[in-house]
Structures are given as structure tokens and as C-alpha cells.
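Engineer: A single structure is presented below for examination.
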Amino acid sequence: MTASHSDSLVVLFGATAGASGAKLGADERELILLVWQVVDLHSKQTGILHKALVKADNLELTEQFKEESGLTPEGLSNADPLDRVLPQFHQLVLNDLEALGGSSFTLCTDGQLLIRQVFHPEASKKNFELPECFYSFFDLRKEFQECCTNTAPMKDQTIKSMAEYLEIAIDDTDNDFGVWEVTTMVNTVLTLLSSPYDHEFVGPETVKYKYETGPCSKSEAVDGETVIRARGLPWQSSDQDIARFFKGLNIAKGGVALCLNAQGRRNGEALVRFVNPEQRNLALERHKHHMGSRYIEVYKATGEEFLKIAGGTSNEVAQFLSKENQVIIRMRGLPFTATPEDVLGFLGTECPVTGGKEGLLFVKYPDGRPTGDAFVLFSCEDYAQQALKKHKEILGKRYIELFRSTAAEVQQVLNRYLSTPLIPTLPAPLIPVIPQHYPIATGTVRDCVRLRGLPYTAAIDDILEFMGDSTVDIKPHGVHMVLNQQGRPSGDAFIQMKSSDRAFIVAQKCHKKMMKDRYVEVFQCSGEEMNFVLMGGTLNRSGLSPPPCLSPPGYAAFQAATAVLPAEAAAALYQTPALFAAARGAHASVAAPQAVAYYPAQATQLYMNYTAYYPSPPVSPTTMGYIAAPSASLAASAAHTPMMPQPGALVRMQGLPYNTGMKEILSFFQGYQGNPASPDPDSCQSVCYALPPGQVCLLIIPIYTALLRHQMITGYRLAGSMRQMTTMALFR
């Protein structure tokens, strides 16, 4: 057994079938060798040196390892697996303790990798519990550093370097693999126990038995050197699954924060906070380790990112999460009229909720309306499992979804809904009016390059540094970052070069060149191909594949990007608030200056959105012609060009059903269409520039009457092809 002040040490050495030294455990290879010896701290006597082989599931050994260790797959195949070797190990240690007159022991290893990166991860994957002695140990390197402060940094120490500093005689002629290491470590321990060091082994390293949940406040100080981002997680993974992936490393209380996407669903990422930077650095060594059949990417993150996801300010949430060591279940799809009694009745007596009604947290909008989400606390795993069996059972007339959740997810969901504005605000403009002296590349000349596989943290400055001397050949404002639908970097970028020769040289010079910790692929492409990919199409060895939103006729007609909306219309659409107000007066169209809308210079990004294309300022396409319109539509748009007398006379409809047609839109605005012959400035003819179904539509109608209509139609349900239009909004 172990104790806080043990009277013996068990000096332990282990080896895996893969990497050794500083990379021990980084390749997920299994343990195949254990060597140990007991040292009595009082009498300074030693026990018998023991050696045990361990049978691994994968017995493949490299030639170098066979030569260094003398082990063969045939010899290992006759050994016992780890779950059988450990009880034998424990019994032999107790026998040696009894022979030396000791009563308790603590493990002592060369560094922390053997315990934290080998034993605990392997036991977790093979689903068996390690003996209690593996949850505390002494790091011989740290103990040596305490006694010899003027030596090399601890991470650079080795068994041999410590022995040389202490002037211990080294006999490395013994070819028995692992024996020399344990013998030298034992001599190092005995030297530290003796004069002039007289070292005491107190305060061992500890490994947490389980992950502790808990709330996190936005005002809490979080060290940025203790946080990592895990990417590629299964969507159904919980905080306990992530803690199990990092088994052996100490995660801070409430330190697992699962990330949600814009729709409130898990996006396969999590931020994990460890107790100190040393644990974080060990976590980074688990990059591309496996959780089931998936490999998990592990990157550095910041304390600000963690607080943004896990931090909260709501007293109601803090009180709900104050009950520690509870299992949290999220319920989704509740009827808006559901009461606490309804939820408790749905869960039943077989899975009682902690504290009854106090164990329920309903998620609401700022105005108090229910969202259909709720969180439930259970005191144990058995009750939570019983509750999860009710997944997709019926409450009222709706089926209810149940998922495992975390304290960080509770904070995220509450923060998201509580920060939702009661009245939607105008999104960023879709249509910029671009100065003509910065045209975007078009045609088939291959004077552009595509960068693929960029680090997600890469900025334009990183790309310019990556390009090196070739940056002088980039056209002004010719770097375009591509973001995904969530507004995050997609890993792609396009660069316009001054000529096709320069683009070819860059592609040859920079292809598979490293940027930070990733290699980047660089391909030469044409302006036409660049524009096509930016629309959502794909460019690969098979050629061009149309975007998901393009029908075959539209794709065939895509050769020329003709303007669907005139520049005058775009200028009138995105006016300043002062111009909108002026548009209501009788002489507003005369007094208002002809304004031109520009994007801010720093917003140089392209959004890879298959239903709405957000161009990159200030050199992106000047039209909405990324989806070809029939020639009749183009003629109609040209004919309606003069029908833009009032700045601010446009509204934008967002959230249309995909099968909406022109007829339904005009019927929707019935009663608000003015007479084209009427001189009333508050009336004008309705004109619709319709993109393909599901896209954004632009209407010219009386502006303030349409905004009144916005208040009336939000949440309105229409029949037929316009049914279930619950999120449509109109914006100026």
C-alpha cells in the first residue's frame, strides 16, 4: 500500500514497443517491459531487482528496438498482458517490503511520461483500473533538481546525466535491457539520501482519480499556458469522455468546455484547461491520438478562448451548477407550454431529478419566452442512463431529445440565448460597390494561386511571410481569405498574382512549404476557377464540379458573370442611417447625396457559403452574377435600372423557403405595391431581383410600410409553398 510519507520507494522503469526518451508514449504504443527494485528510505537497503515482460496486442517491433533491447515478438508472445502483470507486480513489491521491514511504498520514475503517458492511457483504452499506487509517484528528475539547482534544465536531464553529475560510477556494459537504468536510478536515490544532500522524498506527484465538474465565471483568471483545443471529437462525446482521453493528466475543476456551432449543436471541438503548464505540454503530445476509431487533433489555445466558451455571469446558472459531481442531461424539443411538473412526470420515478424542481433549468429568451431546451441534474450515472433511455419519447405532441451535457455547455447555451437581440439587426452587406481600378481576376489566364491546408490561426501577415520575396508580385488587395459558414477560417486562401509566370513560380517554390506546424499546398489556377471555387464548387483532378446550389442549366450558362443587380441599386440598398431617414421626406431623393458603400479595408475575407456568397473587399466581384440568370431576367433588370429614385427604398428578405417563387413573394406583399404612375414618393413599383430558391431576395417597396410589415410577419406561418416560414425577416 501507499502512504503520504512512505518508508520505501519502488524505482520503476518501463519501455514500450515504440519511441523512448522524451517521446515515450507519444506514438500510443503499448508497454512491453517493466523493471523495478525496492529501496528502503530509512535503512537504505534494497530489495531484489525484478524484470517482467508484457504481452502487447501489437507485437510489431522495429529493427532498432530489437537491437537495443534484445527482445523479439516470439519472446513477448509468451508473456502475460498488462492487466495480469500488474497484480503480480504488486504482490512482488509487498513481498520485498515485508523482507525489508517496510509497510508502505511510493513509485519513483525517471520523469512523468511512464506514469502519465503510458500506464494511464493504456489502462483507459483497455478498460481496466490501475492499482492505487499508480496515482502518486516521485519524479526523480524533480527530486534531483531540488538538490542540484545549478544543473541543466529538468527537461534535458537523463538517467546518465544525473549519475555523472553526482559522480556515480556508471557500468553500461550490462546488455540486459532496463537493468542498467534501474540500477543507476537506485544509486542516484541512495546518493540523494546521503550526505551532503540528505534529501527527503515528500510531496509526490499525484494523478486525479476522476474529472471534477463545476462552473466557471467570466471574471475568473485563466492562465493561457494551461489551455488546449481538441478537434475532431465525436459529436456525442461528453466531458467525461474527453477527460478519459486525457487520462493521467490533471484537468482543472470544470476544465472541459465542449464548443457549440451557430445552431447550438456540438461542432466536434472542446477547450480543456489543465492545472498547470506542464500538464498542458504533456497534453499536446497526444496530438492525433485516437478516441475509438477517430484521431483527435490537439492544439494550443488561450485563456480568453476558454472563458468565452465556459465562462458565465448568470446567478441562476451558477446556483444550478453549484451542486457538484452531478450528471447533467440536456433536453431539447420541449413544448413551449411545458412546466417543471411535466418534465418530472416525463422522466418518471425511475430516474429522480436532484432536488426536484431545483434540479431543472429551463432556457429562455431575454423576454422570458421558452426556447424548448432544459437542463436536468442527476445524482448518479445510473439515473442518467435511465433518463437517456427516454430519448425521442413523446411529451405532449412532441418527441424529446436527450443528450449528455456539461457545465460549459449550460453556460454556452444560456449565454447564446440571453444575448439574442429582441429585434434582429442588419447583417453585413452582401453587395459591395467596388472601385473600378481594382478589378478581380477573370478569364482563363492562370495568374492566381490557391493555398490549401493553412493553419486555422493563419492571418494575412502569415501568408505574406509564407510567400517571402514573391509578395512583390501580388496584385494590390489580391489576398483573399476564405471563411466557412460559421465565419471561421476554412484553411483556404486565394492570391492574385501580376502574371501567370509569377503564379507558376510561386506554386513551384511554395508548394508543401511549412507554415507554423503544417505544410501548405499551393496550386496555380485561373481567375475563372478561383471564382468558381469561391461560389462553393470544387476543383480537383476530375475537373470542375458545380456548387450544390447550381442547377445544370445555370451551370452551363456560368461562363459570364453578368450583373443581376445594378451598381445603383447596391448603392441605394446600403445607405447610412441618415440617408434612410431622409428617404421618407418628399424631397429626400433630390437632397440626398449619391453615396457609395464600401467595405472596411480590414474585412478582407471570403465566406464559403453555398447559399449566400459574401465577397472579399475591396477587389471581389462587383456583381451578384455568381449564379447565372436567364437573359430575360437580365433584360428586366436593365429595364428596371431607372426605377431607383429613392435612396433606401430597398428591403431584403432573409429566410425564404427553398421552393418560394415570384408569385408567392408578390402575394406576400399584397397591399403594399404602389402605383408606378403615382407621384406619391411613398409609393413605387415593386421590383424583385430573385436569386435561385432559398437565396436572398431584394425588393423595392415603400420602405417604412415594409418595415411595419416586418413586425407583422415575423413568426407568421403561410399555407402552401410558403408554409412554416418561421424565421423570415426583412431588413433595410
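Numbering starts fresh at 1 for the residues of each chain in the C-alpha cells, the chains themselves are lettered A, B, ... in the order given, and ligands are numbered from 1 as they appear.
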Neighbouring residues of stretch 176-189 of chain A were defined as those with any atom within 9 Å, considering only C-alpha atoms; residues of the same chain fewer than 4 positions away were excluded. Please report them as number ranges by chain.
Structural biologist: A: 11-15, 33-39, 46, 49-51, 68-71, 109-110, 140, 144, 159-160, 162-163, 166, 168-172, 193-194
Engineer: Selection from above, N, CA and C atoms, as a compact mmCIF listing (two decimals), in the first residue's frame, can you write it?
Structural biologist:
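In the end it all went to out00.txt:
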```txt
# COMPACT_ATOMS: atom_id res chain seq x y z
N VAL A 11 11.61 1.92 -7.33
CA VAL A 11 12.20 2.53 -8.52
C VAL A 11 11.76 1.72 -9.73
N LEU A 12 11.06 2.39 -10.66
CA LEU A 12 10.38 1.68 -11.75
C LEU A 12 10.85 2.21 -13.10
N PHE A 13 11.13 1.29 -14.03
CA PHE A 13 11.47 1.63 -15.40
C PHE A 13 10.56 0.82 -16.32
N GLY A 14 10.13 1.46 -17.41
CA GLY A 14 9.28 0.77 -18.38
C GLY A 14 9.64 1.16 -19.79
N ALA A 15 9.30 0.30 -20.73
CA ALA A 15 9.57 0.56 -22.15
C ALA A 15 8.38 0.11 -22.97
N LEU A 33 7.67 -3.90 -21.29
CA LEU A 33 8.73 -4.27 -20.33
C LEU A 33 8.58 -3.46 -19.06
N LEU A 34 8.74 -4.14 -17.90
CA LEU A 34 8.79 -3.49 -16.59
C LEU A 34 10.01 -4.02 -15.83
N VAL A 35 10.76 -3.09 -15.25
CA VAL A 35 11.89 -3.45 -14.38
C VAL A 35 11.78 -2.59 -13.13
N TRP A 36 11.92 -3.18 -11.95
CA TRP A 36 11.77 -2.41 -10.72
C TRP A 36 12.62 -2.99 -9.59
N GLN A 37 12.83 -2.14 -8.55
CA GLN A 37 13.58 -2.54 -7.35
C GLN A 37 13.14 -1.65 -6.19
N VAL A 38 12.97 -2.27 -5.01
CA VAL A 38 12.51 -1.56 -3.82
C VAL A 38 13.71 -0.99 -3.07
N VAL A 39 13.56 0.28 -2.58
CA VAL A 39 14.59 0.94 -1.78
C VAL A 39 13.96 1.38 -0.46
N THR A 46 18.21 -2.30 -0.25
CA THR A 46 17.46 -2.52 -1.49
C THR A 46 16.96 -3.95 -1.55
N LEU A 49 15.99 -7.08 -7.59
CA LEU A 49 15.66 -6.43 -8.86
C LEU A 49 14.79 -7.39 -9.68
N HIS A 50 13.65 -6.91 -10.11
CA HIS A 50 12.69 -7.73 -10.85
C HIS A 50 12.54 -7.21 -12.28
N LYS A 51 12.23 -8.15 -13.16
CA LYS A 51 12.00 -7.80 -14.56
C LYS A 51 10.84 -8.63 -15.08
N GLU A 68 18.49 -2.83 -29.69
CA GLU A 68 18.77 -2.20 -28.40
C GLU A 68 18.30 -3.04 -27.22
N SER A 69 17.15 -3.66 -27.35
CA SER A 69 16.55 -4.36 -26.20
C SER A 69 16.84 -5.85 -26.19
N GLY A 70 17.11 -6.42 -27.34
CA GLY A 70 17.28 -7.86 -27.40
C GLY A 70 15.97 -8.62 -27.33
N LEU A 71 14.85 -7.92 -27.41
CA LEU A 71 13.53 -8.57 -27.33
C LEU A 71 13.05 -8.93 -28.72
N THR A 109 9.96 7.26 -10.68
CA THR A 109 10.26 7.05 -12.09
C THR A 109 11.17 8.16 -12.62
N ASP A 110 11.78 7.90 -13.76
CA ASP A 110 12.59 8.91 -14.45
C ASP A 110 11.66 9.80 -15.27
N LEU A 140 11.96 11.49 -10.30
CA LEU A 140 13.36 11.54 -9.89
C LEU A 140 14.05 12.79 -10.42
N PHE A 144 15.98 15.44 -8.04
CA PHE A 144 17.37 15.77 -8.32
C PHE A 144 17.54 17.28 -8.49
N ILE A 159 18.95 9.83 -17.12
CA ILE A 159 19.49 9.00 -16.05
C ILE A 159 21.01 9.09 -16.03
N LYS A 160 21.61 9.10 -17.20
CA LYS A 160 23.07 9.14 -17.28
C LYS A 160 23.62 10.49 -16.84
N MET A 162 22.32 12.68 -14.74
CA MET A 162 22.19 12.83 -13.29
C MET A 162 23.27 12.04 -12.57
N ALA A 163 23.53 10.82 -13.04
CA ALA A 163 24.57 10.00 -12.41
C ALA A 163 25.95 10.63 -12.58
N LEU A 166 26.40 13.50 -10.13
CA LEU A 166 26.59 13.02 -8.76
C LEU A 166 27.84 12.15 -8.61
N ILE A 168 28.54 9.24 -9.87
CA ILE A 168 28.22 7.83 -9.62
C ILE A 168 28.89 6.99 -10.71
N ALA A 169 29.55 5.93 -10.31
CA ALA A 169 30.21 5.05 -11.28
C ALA A 169 29.15 4.41 -12.17
N ILE A 170 29.36 4.53 -13.47
CA ILE A 170 28.39 4.03 -14.44
C ILE A 170 28.96 2.81 -15.14
N ASP A 171 28.24 1.71 -15.05
CA ASP A 171 28.63 0.49 -15.75
C ASP A 171 27.53 0.15 -16.76
N ASP A 172 27.75 0.61 -17.99
CA ASP A 172 26.73 0.39 -19.01
C ASP A 172 27.07 -0.79 -19.91
N LEU A 193 19.89 10.55 -0.75
CA LEU A 193 19.53 10.31 0.66
C LEU A 193 20.72 10.53 1.59
N SER A 194 21.93 10.46 1.05
CA SER A 194 23.14 10.53 1.87
C SER A 194 23.65 11.96 1.95
```
Engineer: Please list as a PyMOL selection string every residue within 9 Å of A:Glu409, counting only C-alpha atoms and excluding residues in the same chain fewer than 5 positions away.
Structural biologist: chain A and resi 257-260+309-310+414
Engineer: Take the selection from the previous step and output its residues with all heavy atoms, as a PDB file, in the first residue's frame.
Structural biologist:
```
ATOM      1  N   ALA A 257     -14.679  22.214 -21.771  1.00  0.00           N
ATOM      2  CA  ALA A 257     -15.741  23.035 -22.366  1.00  0.00           C
ATOM      3  C   ALA A 257     -15.971  22.581 -23.798  1.00  0.00           C
ATOM      4  O   ALA A 257     -15.139  22.800 -24.676  1.00  0.00           O
ATOM      5  CB  ALA A 257     -15.355  24.517 -22.333  1.00  0.00           C
ATOM      6  N   LEU A 258     -17.104  21.923 -24.031  1.00  0.00           N
ATOM      7  CA  LEU A 258     -17.470  21.494 -25.378  1.00  0.00           C
ATOM      8  C   LEU A 258     -17.986  22.691 -26.167  1.00  0.00           C
ATOM      9  O   LEU A 258     -18.807  23.461 -25.668  1.00  0.00           O
ATOM     10  CB  LEU A 258     -18.542  20.402 -25.318  1.00  0.00           C
ATOM     11  CG  LEU A 258     -18.082  19.066 -24.722  1.00  0.00           C
ATOM     12  CD1 LEU A 258     -19.285  18.206 -24.374  1.00  0.00           C
ATOM     13  CD2 LEU A 258     -17.181  18.338 -25.682  1.00  0.00           C
ATOM     14  N   CYS A 259     -17.516  22.862 -27.392  1.00  0.00           N
ATOM     15  CA  CYS A 259     -17.880  24.016 -28.215  1.00  0.00           C
ATOM     16  C   CYS A 259     -19.138  23.716 -29.023  1.00  0.00           C
ATOM     17  O   CYS A 259     -19.330  22.592 -29.497  1.00  0.00           O
ATOM     18  CB  CYS A 259     -16.730  24.389 -29.154  1.00  0.00           C
ATOM     19  SG  CYS A 259     -15.184  24.781 -28.299  1.00  0.00           S
ATOM     20  N   LEU A 260     -19.959  24.730 -29.197  1.00  0.00           N
ATOM     21  CA  LEU A 260     -21.185  24.615 -29.973  1.00  0.00           C
ATOM     22  C   LEU A 260     -21.072  25.468 -31.226  1.00  0.00           C
ATOM     23  O   LEU A 260     -20.375  26.484 -31.248  1.00  0.00           O
ATOM     24  CB  LEU A 260     -22.393  25.079 -29.150  1.00  0.00           C
ATOM     25  CG  LEU A 260     -22.597  24.416 -27.785  1.00  0.00           C
ATOM     26  CD1 LEU A 260     -23.842  24.978 -27.121  1.00  0.00           C
ATOM     27  CD2 LEU A 260     -22.693  22.907 -27.911  1.00  0.00           C
ATOM     28  N   ILE A 309     -16.039  30.434 -23.983  1.00  0.00           N
ATOM     29  CA  ILE A 309     -16.884  29.243 -24.120  1.00  0.00           C
ATOM     30  C   ILE A 309     -17.473  28.817 -22.783  1.00  0.00           C
ATOM     31  O   ILE A 309     -18.668  28.542 -22.668  1.00  0.00           O
ATOM     32  CB  ILE A 309     -16.073  28.086 -24.737  1.00  0.00           C
ATOM     33  CG1 ILE A 309     -15.583  28.460 -26.133  1.00  0.00           C
ATOM     34  CG2 ILE A 309     -16.902  26.811 -24.784  1.00  0.00           C
ATOM     35  CD1 ILE A 309     -16.679  28.737 -27.121  1.00  0.00           C
ATOM     36  N   ALA A 310     -16.637  28.763 -21.742  1.00  0.00           N
ATOM     37  CA  ALA A 310     -17.051  28.166 -20.475  1.00  0.00           C
ATOM     38  C   ALA A 310     -17.527  29.172 -19.449  1.00  0.00           C
ATOM     39  O   ALA A 310     -18.202  28.803 -18.493  1.00  0.00           O
ATOM     40  CB  ALA A 310     -15.893  27.352 -19.881  1.00  0.00           C
ATOM     41  N   LEU A 414     -27.011  29.203 -22.390  1.00  0.00           N
ATOM     42  CA  LEU A 414     -27.637  30.343 -21.719  1.00  0.00           C
ATOM     43  C   LEU A 414     -27.085  31.661 -22.251  1.00  0.00           C
ATOM     44  O   LEU A 414     -27.834  32.609 -22.500  1.00  0.00           O
ATOM     45  CB  LEU A 414     -27.418  30.236 -20.211  1.00  0.00           C
ATOM     46  CG  LEU A 414     -28.519  29.553 -19.376  1.00  0.00           C
ATOM     47  CD1 LEU A 414     -29.790  30.394 -19.407  1.00  0.00           C
ATOM     48  CD2 LEU A 414     -28.804  28.147 -19.849  1.00  0.00           C
TER      49      LEU A 414
END
```
Engineer: Extract, using only C-alpha atoms, all DNA, RNA and protein residues at most 8 Å from A:Pro121, discarding same-chain residues fewer than 3 positions from it, and format them as a ChimeraX atom specification.
Structural biologist: /A:116-118,124-125,245-248
Engineer: Save out the residues we just selected, N, CA and C atoms, as a PDB file, in the first residue's frame.
Structural biologist:
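Full text of part_3.pdb as output:
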```
ATOM      1  N   ARG A 116       2.126   8.967 -16.607  1.00  0.00           N
ATOM      2  CA  ARG A 116       1.052   9.785 -17.172  1.00  0.00           C
ATOM      3  C   ARG A 116       0.749   9.464 -18.629  1.00  0.00           C
ATOM      4  N   GLN A 117       1.767   9.148 -19.420  1.00  0.00           N
ATOM      5  CA  GLN A 117       1.583   8.996 -20.859  1.00  0.00           C
ATOM      6  C   GLN A 117       1.548   7.544 -21.324  1.00  0.00           C
ATOM      7  N   VAL A 118       1.872   6.598 -20.442  1.00  0.00           N
ATOM      8  CA  VAL A 118       1.875   5.190 -20.846  1.00  0.00           C
ATOM      9  C   VAL A 118       0.872   4.386 -20.027  1.00  0.00           C
ATOM     10  N   SER A 124      -6.813   3.025 -19.632  1.00  0.00           N
ATOM     11  CA  SER A 124      -8.100   3.610 -20.020  1.00  0.00           C
ATOM     12  C   SER A 124      -8.613   2.987 -21.307  1.00  0.00           C
ATOM     13  N   LYS A 125      -7.734   2.803 -22.290  1.00  0.00           N
ATOM     14  CA  LYS A 125      -8.161   2.221 -23.563  1.00  0.00           C
ATOM     15  C   LYS A 125      -8.574   0.760 -23.402  1.00  0.00           C
ATOM     16  N   PHE A 245      -9.917  10.579 -22.411  1.00  0.00           N
ATOM     17  CA  PHE A 245      -8.903  10.669 -23.460  1.00  0.00           C
ATOM     18  C   PHE A 245      -7.596  11.225 -22.893  1.00  0.00           C
ATOM     19  N   PHE A 246      -7.707  12.181 -21.967  1.00  0.00           N
ATOM     20  CA  PHE A 246      -6.525  12.780 -21.340  1.00  0.00           C
ATOM     21  C   PHE A 246      -6.219  12.127 -19.989  1.00  0.00           C
ATOM     22  N   LYS A 247      -6.589  10.892 -19.805  1.00  0.00           N
ATOM     23  CA  LYS A 247      -6.364  10.186 -18.546  1.00  0.00           C
ATOM     24  C   LYS A 247      -4.882  10.192 -18.200  1.00  0.00           C
ATOM     25  N   GLY A 248      -4.589  10.464 -16.941  1.00  0.00           N
ATOM     26  CA  GLY A 248      -3.214  10.571 -16.477  1.00  0.00           C
ATOM     27  C   GLY A 248      -2.769  12.000 -16.307  1.00  0.00           C
TER      28      GLY A 248
END
```
Engineer: As a ChimeraX atom specification, please: the residues near A:Phe128 (cut-off 12 Å, only C-alpha atoms, same-chain neighbours under 2 positions excluded).
Structural biologist: /A:81-84,86,119-126,130-131
Engineer: Would you give me, as a ChimeraX atom specification, the residues in stretch 267-426 of chain A that DSSP reads as alpha helix (DSSP H)?
Structural biologist: /A:277-284,303-310,315-321,340-347,381-388,407-418
Engineer: Near stretch 290-307 of chain A, counting only C-alpha atoms, which residues have an atom at most 6 Å away, once you skip same-chain residues fewer than 5 positions from it, shown as a compact mmCIF listing (two decimals) with N, CA, C and O atoms, in the first residue's frame?
Structural biologist:
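around36.txt written:
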```txt
# COMPACT_ATOMS: atom_id res chain seq x y z
N LYS A 218 -16.83 34.30 -15.76
CA LYS A 218 -16.07 35.10 -16.74
C LYS A 218 -15.03 35.98 -16.07
O LYS A 218 -14.08 36.42 -16.71
N VAL A 222 -7.69 32.88 -15.90
CA VAL A 222 -7.29 31.61 -16.51
C VAL A 222 -5.93 31.79 -17.17
O VAL A 222 -5.77 32.67 -18.03
N ASP A 223 -4.97 30.99 -16.77
CA ASP A 223 -3.64 31.05 -17.36
C ASP A 223 -3.70 30.53 -18.79
O ASP A 223 -4.12 29.40 -19.04
N GLY A 224 -3.28 31.36 -19.74
CA GLY A 224 -3.33 30.95 -21.14
C GLY A 224 -2.39 29.81 -21.48
O GLY A 224 -2.55 29.17 -22.53
N VAL A 227 -4.26 25.88 -21.41
CA VAL A 227 -5.47 25.55 -22.19
C VAL A 227 -5.07 24.97 -23.54
O VAL A 227 -4.14 25.44 -24.19
N ILE A 228 -5.80 23.94 -23.95
CA ILE A 228 -5.62 23.34 -25.28
C ILE A 228 -6.97 23.27 -25.98
O ILE A 228 -8.03 23.35 -25.34
N ARG A 229 -6.93 23.13 -27.30
CA ARG A 229 -8.14 22.91 -28.10
C ARG A 229 -8.05 21.53 -28.73
O ARG A 229 -7.08 21.21 -29.42
N ALA A 230 -9.05 20.70 -28.47
CA ALA A 230 -9.14 19.37 -29.07
C ALA A 230 -10.14 19.42 -30.21
O ALA A 230 -11.26 19.93 -30.04
N ARG A 231 -9.76 18.91 -31.36
CA ARG A 231 -10.60 18.98 -32.56
C ARG A 231 -10.78 17.58 -33.15
O ARG A 231 -9.87 16.78 -33.13
N GLY A 232 -11.97 17.32 -33.69
CA GLY A 232 -12.26 16.02 -34.30
C GLY A 232 -12.97 15.07 -33.37
O GLY A 232 -13.00 13.86 -33.62
N LEU A 284 -0.34 18.19 -25.23
CA LEU A 284 -0.01 18.47 -26.63
C LEU A 284 0.68 17.29 -27.29
O LEU A 284 0.63 17.13 -28.52
```
Engineer: Taking the chain letters and numbering used in this document, name the residues of stretch 449-531 of chain A that DSSP puts in strand (DSSP E or B), as a PyMOL selection string.
Structural biologist: chain A and resi 449-452+474-483+489-497+513-515+518-525
Engineer: Just give me the gap between atom CA of A:His42 and atom CA of A:Gly101 in Å, one decimal is fine.
Structural biologist: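 One can read the atom CA of A:His42 to atom CA of A:Gly101 distance as 10.2 Å.
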Engineer: Please compute the atom CA of A:Leu377-atom CA of A:Lys389 distance, one decimal, in Å.
Structural biologist: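 Spanning atom CA of A:Leu377 to atom CA of A:Lys389 is a straight-line distance of 15.6 Å.
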Engineer: Distance atom CA of A:Asp517-atom CA of A:Asn267, one decimal place?
Structural biologist: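 If I compute the distance from atom CA of A:Asp517 to atom CA of A:Asn267, I get 22.9 Å.
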Engineer: Could you list, as an NGL selection string, every residue within 12 Å of A:Glu98, counting only C-alpha atoms and ignoring same-chain residues fewer than 3 positions away?
Structural biologist: :A and (1 or 7-8 or 38 or 40 or 47 or 91-95 or 101-105)
Engineer: Using only C-alpha atoms, can you tell me which of A:Phe89, A:Phe362, A:Phe201, A:Phe403 comes closest to A:Cys108?
Structural biologist: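 Closest candidate: A:Phe201.
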